[in-house]
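Shown next: work07.cif, containing mmCIF, C-alpha atoms and all ligand atoms.
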```cif
data_structure
loop_
_atom_site.label_atom_id
_atom_site.label_comp_id
_atom_site.auth_asym_id
_atom_site.auth_seq_id
_atom_site.Cartn_x
_atom_site.Cartn_y
_atom_site.Cartn_z
CA MET A 1203 -116.99 -47.75 188.53
CA LYS A 1204 -117.94 -45.33 185.77
CA GLU A 1205 -115.68 -44.77 182.78
CA MET A 1206 -115.38 -41.40 181.10
CA ASN A 1207 -114.49 -40.94 177.48
CA ASN A 1208 -110.88 -41.94 177.34
CA PRO A 1209 -108.80 -38.83 176.94
CA LYS A 1210 -106.36 -38.92 174.04
CA TRP A 1211 -103.36 -39.67 176.21
CA VAL A 1212 -104.75 -43.00 177.51
CA PRO A 1213 -104.40 -44.98 174.23
CA GLN A 1214 -101.08 -43.22 173.64
CA LEU A 1215 -99.80 -44.40 177.01
CA LEU A 1216 -101.06 -47.95 176.38
CA ALA A 1217 -99.32 -47.97 172.99
CA TRP A 1218 -96.10 -46.86 174.70
CA TYR A 1219 -96.57 -49.64 177.27
CA ASP A 1220 -97.07 -52.27 174.57
CA VAL A 1221 -93.63 -51.47 173.23
CA ASN A 1222 -91.75 -50.64 176.43
CA LYS A 1223 -93.25 -52.78 179.15
CA ARG A 1224 -90.87 -54.52 181.50
CA ASP A 1225 -90.74 -58.28 181.32
CA LEU A 1226 -91.62 -59.32 184.88
CA PRO A 1227 -92.48 -62.80 186.13
CA TRP A 1228 -95.73 -61.79 187.82
CA ARG A 1229 -97.09 -60.04 184.74
CA ASP A 1230 -99.67 -61.60 182.44
CA CYS A 1231 -99.69 -64.75 184.60
CA GLY A 1232 -103.21 -64.30 185.97
CA ASP A 1233 -102.01 -65.46 189.38
CA PRO A 1234 -103.28 -63.12 192.12
CA TYR A 1235 -100.86 -64.54 194.68
CA LYS A 1236 -97.85 -63.66 192.52
CA VAL A 1237 -99.19 -60.18 191.84
CA TRP A 1238 -99.94 -59.69 195.53
CA VAL A 1239 -96.42 -60.67 196.61
CA SER A 1240 -94.83 -58.51 193.92
CA GLU A 1241 -96.90 -55.48 194.86
CA VAL A 1242 -96.16 -55.75 198.58
CA MET A 1243 -92.45 -56.29 197.91
CA SER A 1244 -92.16 -53.35 195.54
CA GLN A 1245 -93.86 -50.83 197.83
CA GLN A 1246 -90.62 -49.43 199.23
CA THR A 1247 -88.13 -51.05 196.88
CA ARG A 1248 -87.20 -50.57 193.24
CA ILE A 1249 -88.37 -53.40 190.96
CA GLU A 1250 -84.81 -54.24 189.88
CA ALA A 1251 -83.68 -54.52 193.52
CA MET A 1252 -86.65 -56.60 194.65
CA LYS A 1253 -86.65 -59.12 191.78
CA PRO A 1254 -84.06 -61.49 193.35
CA TYR A 1255 -86.10 -61.43 196.58
CA TYR A 1256 -89.24 -62.22 194.62
CA ASP A 1257 -87.58 -65.15 192.84
CA ASN A 1258 -86.26 -66.53 196.12
CA TRP A 1259 -89.66 -66.06 197.76
CA MET A 1260 -91.37 -68.03 195.01
CA ARG A 1261 -88.84 -70.82 195.40
CA LEU A 1262 -89.58 -70.98 199.15
CA PHE A 1263 -93.32 -70.29 199.04
CA PRO A 1264 -94.55 -71.06 195.52
CA THR A 1265 -98.24 -71.08 196.47
CA LEU A 1266 -100.62 -69.43 198.90
CA GLU A 1267 -100.78 -72.68 200.83
CA ASP A 1268 -96.99 -72.84 201.20
CA LEU A 1269 -96.88 -69.34 202.61
CA ALA A 1270 -99.85 -69.96 204.90
CA LYS A 1271 -98.02 -72.96 206.41
CA ALA A 1272 -94.70 -71.12 206.94
CA THR A 1273 -93.71 -69.82 210.38
CA GLU A 1274 -93.35 -66.10 211.01
CA ASP A 1275 -89.59 -66.54 211.48
CA GLU A 1276 -89.25 -68.27 208.08
CA VAL A 1277 -91.20 -65.51 206.40
CA VAL A 1278 -89.29 -62.68 208.06
CA HIS A 1279 -86.02 -64.39 207.25
CA ALA A 1280 -86.92 -64.64 203.57
CA TRP A 1281 -87.84 -60.94 203.65
CA GLN A 1282 -84.54 -59.90 205.17
CA GLY A 1283 -83.00 -57.07 203.19
CA LEU A 1284 -86.30 -55.59 202.03
CA GLY A 1285 -87.04 -53.76 205.30
CA TYR A 1286 -90.46 -52.78 206.66
CA TYR A 1287 -90.92 -56.28 208.05
CA SER A 1288 -94.52 -55.75 209.07
CA ARG A 1289 -95.33 -56.07 205.37
CA ALA A 1290 -94.01 -59.65 205.36
CA ARG A 1291 -95.87 -60.55 208.54
CA ASN A 1292 -99.09 -59.06 207.24
CA LEU A 1293 -98.71 -60.80 203.90
CA ARG A 1294 -98.50 -64.14 205.67
CA LEU A 1295 -101.55 -63.33 207.82
CA GLY A 1296 -103.52 -62.12 204.79
CA VAL A 1297 -102.68 -65.28 202.86
CA GLN A 1298 -103.70 -67.42 205.85
CA ASP A 1299 -107.04 -65.60 205.84
CA VAL A 1300 -107.52 -66.47 202.14
CA VAL A 1301 -106.63 -70.12 202.72
CA HIS A 1302 -108.83 -70.54 205.79
CA ASN A 1303 -111.78 -68.28 204.97
CA TYR A 1304 -111.93 -67.98 201.17
CA GLY A 1305 -111.21 -71.57 200.15
CA GLY A 1306 -107.71 -70.59 198.98
CA VAL A 1307 -109.07 -68.22 196.30
CA VAL A 1308 -108.01 -64.58 196.48
CA PRO A 1309 -111.25 -62.53 196.56
CA HIS A 1310 -112.49 -60.97 193.31
CA ASN A 1311 -113.87 -57.83 194.87
CA ARG A 1312 -112.32 -54.79 196.52
CA LYS A 1313 -114.27 -55.00 199.77
CA ASP A 1314 -113.11 -58.52 200.64
CA MET A 1315 -109.64 -57.89 199.28
CA GLU A 1316 -109.18 -54.81 201.48
CA SER A 1317 -110.36 -56.75 204.52
CA LEU A 1318 -107.22 -58.91 204.29
CA LYS A 1319 -104.36 -58.04 206.62
CA GLY A 1320 -101.94 -55.58 205.07
CA VAL A 1321 -103.97 -55.08 201.90
CA GLY A 1322 -104.77 -51.44 201.26
CA SER A 1323 -106.53 -49.72 198.45
CA TYR A 1324 -103.48 -49.73 196.16
CA THR A 1325 -102.61 -53.41 196.55
CA ALA A 1326 -106.25 -54.43 196.16
CA GLY A 1327 -106.57 -52.43 192.95
CA ALA A 1328 -103.31 -53.80 191.54
CA VAL A 1329 -104.20 -57.44 192.27
CA LEU A 1330 -107.79 -57.17 191.06
CA SER A 1331 -106.91 -55.40 187.83
CA MET A 1332 -103.72 -57.29 186.97
CA ALA A 1333 -104.76 -60.79 187.91
CA TYR A 1334 -108.52 -60.69 187.29
CA GLY A 1335 -108.94 -57.84 184.80
CA GLU A 1336 -111.34 -56.04 187.16
CA PRO A 1337 -111.82 -52.31 186.41
CA GLU A 1338 -110.10 -51.11 189.59
CA VAL A 1339 -107.59 -48.31 189.98
CA ALA A 1340 -104.31 -48.65 191.86
CA VAL A 1341 -103.31 -45.21 193.10
CA ASP A 1342 -99.93 -44.81 194.78
CA GLY A 1343 -97.36 -42.01 194.95
CA ASN A 1344 -96.28 -42.78 191.42
CA VAL A 1345 -99.77 -42.31 190.01
CA LEU A 1346 -100.41 -39.22 192.14
CA ARG A 1347 -97.25 -37.64 190.75
CA ILE A 1348 -98.08 -38.41 187.11
CA TYR A 1349 -101.65 -37.14 187.36
CA ALA A 1350 -100.64 -34.01 189.28
CA ARG A 1351 -98.37 -33.15 186.37
CA LEU A 1352 -100.71 -34.23 183.60
CA TYR A 1353 -103.66 -32.29 184.99
CA GLY A 1354 -101.79 -29.41 186.63
CA ILE A 1355 -102.99 -30.17 190.17
CA PHE A 1356 -101.31 -27.98 192.77
CA ASP A 1357 -103.00 -29.52 195.82
CA ASP A 1358 -100.70 -31.39 198.18
CA ILE A 1359 -100.64 -34.98 196.92
CA LEU A 1360 -100.01 -36.18 200.49
CA SER A 1361 -103.23 -34.55 201.71
CA THR A 1362 -106.57 -36.35 201.81
CA LYS A 1363 -108.07 -33.70 199.54
CA GLY A 1364 -105.32 -34.04 196.94
CA LYS A 1365 -105.47 -37.83 196.97
CA LYS A 1366 -109.26 -37.87 196.65
CA MET A 1367 -109.25 -35.41 193.80
CA ILE A 1368 -106.66 -37.34 191.83
CA THR A 1369 -108.21 -40.74 192.57
CA ALA A 1370 -111.48 -39.48 191.11
CA ILE A 1371 -109.69 -38.48 187.89
CA VAL A 1372 -107.88 -41.84 187.71
CA GLU A 1373 -111.22 -43.62 188.07
CA ASP A 1374 -112.65 -41.50 185.29
CA THR A 1375 -109.77 -42.20 182.94
CA LEU A 1376 -109.36 -45.93 183.62
CA PRO A 1377 -109.99 -47.86 180.39
CA HIS A 1378 -112.29 -50.74 181.26
CA ASP A 1379 -111.03 -52.90 178.41
CA ARG A 1380 -107.44 -52.90 179.73
CA PRO A 1381 -107.43 -51.93 183.44
CA GLY A 1382 -104.49 -54.16 184.41
CA ASP A 1383 -102.36 -52.95 181.52
CA PHE A 1384 -103.27 -49.35 182.27
CA ASN A 1385 -102.24 -49.62 185.91
CA GLN A 1386 -98.99 -51.31 184.92
CA ALA A 1387 -98.39 -48.76 182.18
CA LEU A 1388 -98.56 -46.03 184.83
CA MET A 1389 -96.09 -47.97 187.00
CA ASP A 1390 -93.58 -48.35 184.16
CA PHE A 1391 -94.12 -44.85 182.82
CA GLY A 1392 -93.55 -43.37 186.28
CA SER A 1393 -90.37 -45.32 186.76
CA ALA A 1394 -88.90 -44.73 183.27
CA VAL A 1395 -90.20 -41.39 181.98
CA CYS A 1396 -92.27 -39.30 184.40
CA ILE A 1397 -89.75 -39.91 187.16
CA PRO A 1398 -89.83 -38.09 190.51
CA LYS A 1399 -87.07 -35.49 190.30
CA THR A 1400 -86.52 -34.49 186.69
CA PRO A 1401 -89.13 -35.98 184.36
CA ARG A 1402 -87.84 -37.07 180.94
CA CYS A 1403 -90.31 -34.95 179.00
CA GLY A 1404 -88.20 -35.23 175.84
CA GLU A 1405 -89.04 -38.97 175.72
CA CYS A 1406 -92.65 -38.61 176.84
CA PRO A 1407 -95.34 -40.13 174.60
CA ILE A 1408 -98.05 -37.92 176.11
CA VAL A 1409 -96.17 -34.63 176.26
CA ASN A 1410 -98.76 -32.85 174.12
CA THR A 1411 -101.48 -33.34 176.70
CA CYS A 1412 -99.39 -32.64 179.80
CA HIS A 1413 -100.43 -29.50 181.66
CA ALA A 1414 -97.17 -29.24 183.59
CA TYR A 1415 -95.09 -29.40 180.43
CA GLN A 1416 -97.29 -27.05 178.44
CA HIS A 1417 -97.20 -24.48 181.26
CA ASN A 1418 -93.54 -25.01 182.09
CA VAL A 1419 -94.19 -26.06 185.70
CA THR A 1420 -92.80 -29.61 185.70
CA ASP A 1421 -90.30 -28.55 188.38
CA GLN A 1422 -93.16 -27.42 190.67
CA LEU A 1423 -95.29 -30.56 190.49
CA PRO A 1424 -96.25 -32.57 192.35
CA VAL A 1425 -96.66 -30.56 195.55
CA ARG A 1426 -95.73 -32.65 198.61
CA ILE A 1427 -95.84 -31.17 202.07
CA LYS A 1428 -94.09 -33.47 204.50
CA LYS A 1429 -95.26 -33.35 208.08
CA ILE A 1430 -93.28 -36.13 209.67
CA LYS A 1431 -90.49 -35.00 211.94
CA VAL A 1432 -87.57 -37.41 211.94
CA VAL A 1433 -85.86 -37.72 215.33
CA ASP A 1434 -82.09 -38.26 215.48
CA VAL A 1435 -81.10 -41.08 217.84
CA PRO A 1436 -77.50 -41.98 218.72
CA VAL A 1437 -77.12 -45.75 219.12
CA PHE A 1438 -74.02 -47.33 220.65
CA VAL A 1439 -73.66 -50.97 219.67
CA GLY A 1440 -71.50 -53.60 221.34
CA ILE A 1441 -70.27 -56.48 219.19
CA LEU A 1442 -69.56 -58.59 222.23
CA SER A 1443 -67.91 -61.98 222.07
CA TYR A 1444 -67.54 -64.76 224.57
CA GLY A 1445 -64.89 -66.99 223.06
CA ASP A 1446 -66.28 -67.95 219.62
CA TYR A 1447 -69.77 -66.84 220.56
CA TYR A 1448 -71.53 -63.49 220.16
CA LEU A 1449 -74.15 -62.14 222.49
CA LEU A 1450 -77.40 -61.20 220.72
CA HIS A 1451 -80.71 -59.71 221.76
CA LYS A 1452 -84.14 -60.21 220.21
CA ARG A 1453 -86.04 -56.94 220.00
CA PRO A 1454 -89.47 -56.75 221.64
CA ASN A 1455 -92.44 -58.08 219.67
CA ARG A 1456 -93.88 -54.57 219.39
CA GLY A 1457 -92.51 -51.44 217.81
CA LEU A 1458 -89.55 -50.82 215.56
CA LEU A 1459 -87.90 -53.91 213.96
CA ARG A 1460 -89.94 -56.09 216.24
CA SER A 1461 -88.78 -59.62 217.08
CA MET A 1462 -85.57 -59.20 215.08
CA TRP A 1463 -82.07 -59.92 216.36
CA GLU A 1464 -79.49 -57.27 217.15
CA PHE A 1465 -76.20 -56.78 218.93
CA PRO A 1466 -76.60 -55.33 222.42
CA SER A 1467 -77.05 -51.60 222.16
CA VAL A 1468 -77.69 -48.45 224.14
CA GLU A 1469 -79.79 -45.64 222.71
CA ASN A 1470 -79.43 -41.94 223.45
CA ALA A 1471 -76.19 -42.20 225.43
CA ASP A 1472 -74.32 -38.90 225.10
CA SER A 1473 -70.76 -40.24 225.31
CA TYR A 1474 -68.62 -43.36 225.01
CA ASP A 1475 -68.39 -43.58 228.82
CA ALA A 1476 -72.16 -43.48 229.18
CA ALA A 1477 -72.54 -46.17 226.50
CA GLU A 1478 -69.87 -48.35 228.10
CA SER A 1479 -71.51 -48.15 231.47
CA GLY A 1480 -74.94 -48.88 229.91
CA LEU A 1481 -73.62 -52.00 228.15
CA THR A 1482 -71.68 -53.11 231.24
CA GLU A 1483 -74.80 -52.85 233.35
CA LEU A 1484 -76.82 -54.70 230.71
CA VAL A 1485 -74.54 -57.72 230.42
CA GLY A 1486 -73.85 -57.66 234.15
CA THR A 1487 -77.42 -58.76 234.77
CA PHE A 1488 -76.54 -62.06 233.01
CA GLY A 1489 -73.32 -62.60 234.99
CA PHE A 1490 -70.88 -61.15 232.44
CA GLU A 1491 -68.08 -58.68 232.88
CA LEU A 1492 -67.29 -56.54 229.88
CA SER A 1493 -64.02 -55.20 228.45
CA LEU A 1494 -65.13 -52.77 225.75
CA GLN A 1495 -62.53 -51.43 223.31
CA PRO A 1496 -62.86 -47.65 222.93
CA VAL A 1497 -62.27 -47.76 219.17
CA ILE A 1498 -65.18 -47.38 216.76
CA VAL A 1499 -65.16 -50.36 214.39
CA LYS A 1500 -68.02 -49.08 212.25
CA GLU A 1501 -70.27 -46.04 211.93
CA LEU A 1502 -73.63 -46.40 210.23
CA THR A 1503 -76.66 -44.23 209.63
CA HIS A 1504 -80.07 -45.81 209.18
CA VAL A 1505 -83.25 -43.90 208.42
CA PHE A 1506 -86.70 -45.08 209.48
CA SER A 1507 -89.91 -43.19 208.84
CA HIS A 1508 -89.76 -41.29 212.16
CA ARG A 1509 -86.22 -41.85 213.42
CA LYS A 1510 -82.68 -41.74 212.21
CA TRP A 1511 -80.16 -43.96 213.93
CA PHE A 1512 -76.59 -42.73 214.14
CA MET A 1513 -74.82 -45.94 215.05
CA LYS A 1514 -71.35 -46.38 216.47
CA ALA A 1515 -70.19 -49.96 216.90
CA PHE A 1516 -67.50 -51.13 219.33
CA ARG A 1517 -66.13 -54.56 220.00
CA GLY A 1518 -65.79 -56.08 223.44
CA ASP A 1519 -64.94 -59.28 225.30
CA LEU A 1520 -67.14 -60.93 227.86
CA GLN A 1521 -65.99 -62.89 230.88
CA TYR A 1522 -68.48 -65.05 232.69
CA THR A 1523 -68.48 -64.61 236.46
CA GLY A 1524 -71.07 -67.24 237.35
CA ASP A 1525 -70.53 -70.80 238.52
CA HIS A 1526 -71.24 -72.42 235.18
CA THR A 1527 -68.59 -73.13 232.65
CA SER A 1528 -70.20 -74.85 229.67
CA ILE A 1529 -71.75 -72.69 226.98
CA GLU A 1530 -74.92 -74.81 227.06
CA THR A 1531 -75.40 -74.11 230.75
CA ILE A 1532 -74.76 -70.40 230.32
CA GLN A 1533 -77.28 -70.33 227.46
CA THR A 1534 -79.95 -71.78 229.71
CA GLN A 1535 -79.33 -69.01 232.25
CA LEU A 1536 -80.01 -66.26 229.70
CA PRO A 1537 -83.50 -64.76 229.32
CA LYS A 1538 -85.35 -66.13 226.27
CA ASP A 1539 -84.74 -62.96 224.23
CA TRP A 1540 -80.96 -63.28 224.56
CA MET A 1541 -78.58 -65.85 223.12
CA LEU A 1542 -74.99 -66.68 222.37
CA ILE A 1543 -74.30 -67.93 218.86
CA LYS A 1544 -71.35 -68.54 216.60
CA ARG A 1545 -70.53 -66.48 213.54
CA GLU A 1546 -71.48 -69.42 211.26
CA GLU A 1547 -75.04 -69.33 212.58
CA PHE A 1548 -75.66 -65.64 211.83
CA ALA A 1549 -77.32 -66.44 208.52
CA ASP A 1550 -80.02 -68.47 210.28
CA TYR A 1551 -81.53 -65.42 211.96
CA ALA A 1552 -83.50 -62.37 210.88
CA TRP A 1553 -81.40 -59.33 211.74
CA ALA A 1554 -82.71 -55.96 212.79
CA GLY A 1555 -81.95 -53.81 209.72
CA PRO A 1556 -78.52 -52.22 210.05
CA HIS A 1557 -77.35 -54.78 212.62
CA GLY A 1558 -77.23 -57.22 209.69
CA LYS A 1559 -74.54 -55.03 208.14
CA LEU A 1560 -72.47 -55.26 211.32
CA THR A 1561 -72.40 -59.06 211.07
CA GLU A 1562 -70.11 -58.63 208.06
CA LEU A 1563 -67.43 -57.28 210.39
CA CYS A 1564 -67.22 -60.47 212.43
CA PRO A 1565 -64.90 -61.86 213.50
CA ILE A 1566 -63.20 -58.56 214.29
CA VAL A 1567 -59.46 -59.17 214.29
CA GLU A 1568 -57.31 -56.56 215.94
S1 LIG B 1601 -94.44 -34.31 179.75
FE1 LIG B 1601 -93.00 -34.62 181.38
S2 LIG B 1601 -94.10 -34.11 183.25
FE2 LIG B 1601 -95.61 -34.39 181.64
S3 LIG B 1601 -96.25 -36.51 181.81
FE3 LIG B 1601 -94.60 -36.44 180.30
S4 LIG B 1601 -92.74 -36.85 181.48
FE4 LIG B 1601 -94.35 -36.32 182.95
#
```

Using C-alpha cells, write down the structure that the file contains.
Ligand code: SF4
Amino acid sequence: MKEMNNPKWVPQLLAWYDVNKRDLPWRDCGDPYKVWVSEVMSQQTRIEAMKPYYDNWMRLFPTLEDLAKATEDEVVHAWQGLGYYSRARNLRLGVQDVVHNYGGVVPHNRKDMESLKGVGSYTAGAVLSMAYGEPEVAVDGNVLRIYARLYGIFDDILSTKGKKMITAIVEDTLPHDRPGDFNQALMDFGSAVCIPKTPRCGECPIVNTCHAYQHNVTDQLPVRIKKIKVVDVPVFVGILSYGDYYLLHKRPNRGLLRSMWEFPSVENADSYDAAESGLTELVGTFGFELSLQPVIVKELTHVFSHRKWFMKAFRGDLQYTGDHTSIETIQTQLPKDWMLIKREEFADYAWAGPHGKLTELCPIVE
C-alpha cells in the first residue's frame, strides 16, 4: 500500500490520541484474537456498553482454542444482549478455521484474513494493523464520516463510489510507522469529537484543516442516502404457562434471530381475536387448550435492519387435554423445537432479542 506525504492533520491527530486514547483491554496487547473479538463486538454497540460482554467473553473463551471448542449454543448465550447473533456464530466459525487450517495463528495478510467467516475488510484491517502493525486501513462508517467532513466529500458515503473514493484517501493518508494507532485514533476521535450528529468542532485538534468546518457545512456532511425500507410488523406474544412451566419455541435455524428461544407468537394478526385464535390453534396441535387473558401485560418495539416489531404480550394458561399427566411425558410429545421450562431455567437459554425482556415479567401475578 502506498503512503502519501502525511498531511498536517495526521501527526496532530496522533498527538491528540496519545493524550486522549481510551484505556481498553485489547489495545497494545498484540493479541489478534482479542482485537478480533473486540472489533466484532463493537460493530453495532458502543464501546462502553460492550466492555462487560468482552470481559465475560474472555473469561469464558480466553483463547482461540477455547472458542473453537465451544458449542454454538454456548457462544450465542455468551453473546446474548449484543444482538446480531450471526456475528457470534461467524466469529466461532472463523476462529475454528484459524485453529484447524492456520495452525492456530491468525493470518498476517488481508487476503487470508478476509477469507475467514464473518471477517470483512474493516475487521481485517483493524486486526492486522492493531495486533501486527501491518499498514492496513480499517474503514467503517466512523471513518467515512470523518473523512467526508475533513475533505468536503459530498458523495453518498453509503454508495460504492463514495466508499471507494474515501477509502483511497484513507490509504493515502495512513502513516506506515503507526497504522494501528492511526486507525484507533480515528475510532476514538469519531466517538469523542467528530461525532455523528453535532461534531464538537470547538474541541477539535484538526479544525484548521477541516473542509467542512472552514466552509461552514458540518451540518451537511456526511451525505447518507438510506435505501432500506423498514416494514412494520405487529407481533402478538403469548406468555403461556402450564402450572410452573412456560411454553417456549425455538425459532427456525434460518432467518431472523435464528435458533433462539421465544414465547409463542403470531405475526401480522390484525386484532386480539385473530391473535387469540392463532395462538389457540398453535398450542392445540400439541394437545393444549388455551385461556388467554385479554389484557396487555407489556408492549415493546424492536427494530431490526428491515423490520420493526410492534409487540403486545398477553398471559395465558394452558390445560393439557391428552392422556399423559407427567410433565416429562408431555415434554416428550412436543416437537423438538418446543419445550416447557421453569422460570428458574430461563437464564440457561439464548433468547430471541426482545423476548428476553419479557422473561423479566415472569411469573405474572394477577
Ligand atoms: S472540525 Fe468538526 S467536523 Fe471537522 S473534523 Fe473536527 S470535529 Fe469533525

Handout entry: Protein and nucleic acid residues within 8 Å of ligand LIG 1601 (chain B) (all atoms listed in the file) as JSON, numbers by chain
Key = {"A": [1348, 1349, 1351, 1352, 1392, 1395, 1396, 1397, 1401, 1402, 1403, 1404, 1405, 1406, 1407, 1408, 1409, 1410, 1411, 1412, 1413, 1414, 1415, 1416, 1420]}

Problem - Length of the CA of Pro1556 in chain A to CA of Glu1274 in chain A vector [Å] - result: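 Value for the CA of Pro1556 in chain A-CA of Glu1274 in chain A distance: 20.3 Å.
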
Exercise for the section: For Ile1249 in chain A, please output as a list in words all residues within 10 Å (counting only C-alpha atoms; exclusion window: fewer than 3 positions along the same chain). Expected result: Arg1224, Leu1226, Ser1240, Glu1241, Met1243, Ser1244, Gln1245, Gln1246, Met1252, Lys1253, Pro1254, Tyr1256, Asp1390 and Ser1393 of chain A

Exercise for the section: Tell me which of A:Glu1501, A:Asp1342, A:Asp1358, A:Glu1464 sits closest to Phe1516 in chain A, counting only C-alpha atoms. Expected result: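 Ranked by minimum distance to Phe1516 in chain A, first place goes to A:Glu1501.
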
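Excluding Gln1282 in chain A itself and any same-chain residue fewer than 3 positions from it, the protein and nucleic acid residues within 8 Å of it, counting all atoms listed in the file, are Val1278, His1279, Gly1285, Tyr1287, Ala1552 and Trp1553 of chain A.
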
Exercise for the section: Using CA of Leu1458 in chain A and CA of Arg1545 in chain A as the two end points, give the distance in Å to one decimal. Expected result: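 Rounded to one decimal, the two atoms are 24.7 Å apart.
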
Exercise for the section: Would you work out the distance separating CA of Val1345 in chain A from CA of Asp1299 in chain A, expressed in Å to one decimal? Expected result: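 Taking CA of Val1345 in chain A as the start and CA of Asp1299 in chain A as the end point, the length is 29.1 Å.
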
Practice task
Go through A:Gly1440, A:Lys1399, A:Val1435, A:Met1513 one by one, measure the shortest atom-to-atom distance of each to Leu1423 in chain A using all atoms listed in the file, and give the residue with the smallest value.
Solution key: A:Lys1399

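The list of residues with at least one atom within 12 Å of Lys1271 in chain A, based on only C-alpha atoms and without residues fewer than 4 positions apart in the same chain, reads Leu1262, Phe1263, Pro1264, Thr1265, Leu1266, Glu1267, Asp1275, Glu1276, Val1277, Arg1294, Leu1295, Val1297, Gln1298, Asp1299, Val1301 and His1302 of chain A.
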
Practice task
Might you pull out every residue within 9 Å of Gly1364 in chain A, with all atoms listed in the file counted and same-chain residues fewer than 6 positions away left off, and present them as a PyMOL selection string?
Solution key: chain A and resi 1346+1350+1355-1358

Practice task
Just the residues within 9 Å of Leu1481 in chain A, please, counting all atoms listed in the file, with nothing from its chain fewer than 4 positions along; format it as a PyMOL selection string.
Solution key: chain A and resi 1438-1440+1466-1468+1476-1477+1485-1486+1492+1494

Could those residues be written to a file, using C-alpha atoms, as a PDB file, keeping the file's coordinate frame?
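To be explicit, this is the file written out as again.pdb:
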```pdb
ATOM      1  CA  PHE A1438     -74.020 -47.330 220.650  1.00  0.00           C
ATOM      2  CA  VAL A1439     -73.660 -50.970 219.670  1.00  0.00           C
ATOM      3  CA  GLY A1440     -71.500 -53.600 221.340  1.00  0.00           C
ATOM      4  CA  PRO A1466     -76.600 -55.330 222.420  1.00  0.00           C
ATOM      5  CA  SER A1467     -77.050 -51.600 222.160  1.00  0.00           C
ATOM      6  CA  VAL A1468     -77.690 -48.450 224.140  1.00  0.00           C
ATOM      7  CA  ALA A1476     -72.160 -43.480 229.180  1.00  0.00           C
ATOM      8  CA  ALA A1477     -72.540 -46.170 226.500  1.00  0.00           C
ATOM      9  CA  VAL A1485     -74.540 -57.720 230.420  1.00  0.00           C
ATOM     10  CA  GLY A1486     -73.850 -57.660 234.150  1.00  0.00           C
ATOM     11  CA  LEU A1492     -67.290 -56.540 229.880  1.00  0.00           C
ATOM     12  CA  LEU A1494     -65.130 -52.770 225.750  1.00  0.00           C
TER      13      LEU A1494
END
```

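Using all atoms listed in the file, the nearest neighbour of Phe1465 in chain A within the list A:Ala1554, A:Ala1387, A:Ala1328, A:Ile1430 is A:Ala1554.
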
Problem - Counting only C-alpha atoms, the residue of A:His1451, A:Arg1347, A:Thr1325, A:Thr1369 that sits nearest Thr1400 in chain A - result: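 Looking at the shortest contact to Thr1400 in chain A, the residue is A:Arg1347.
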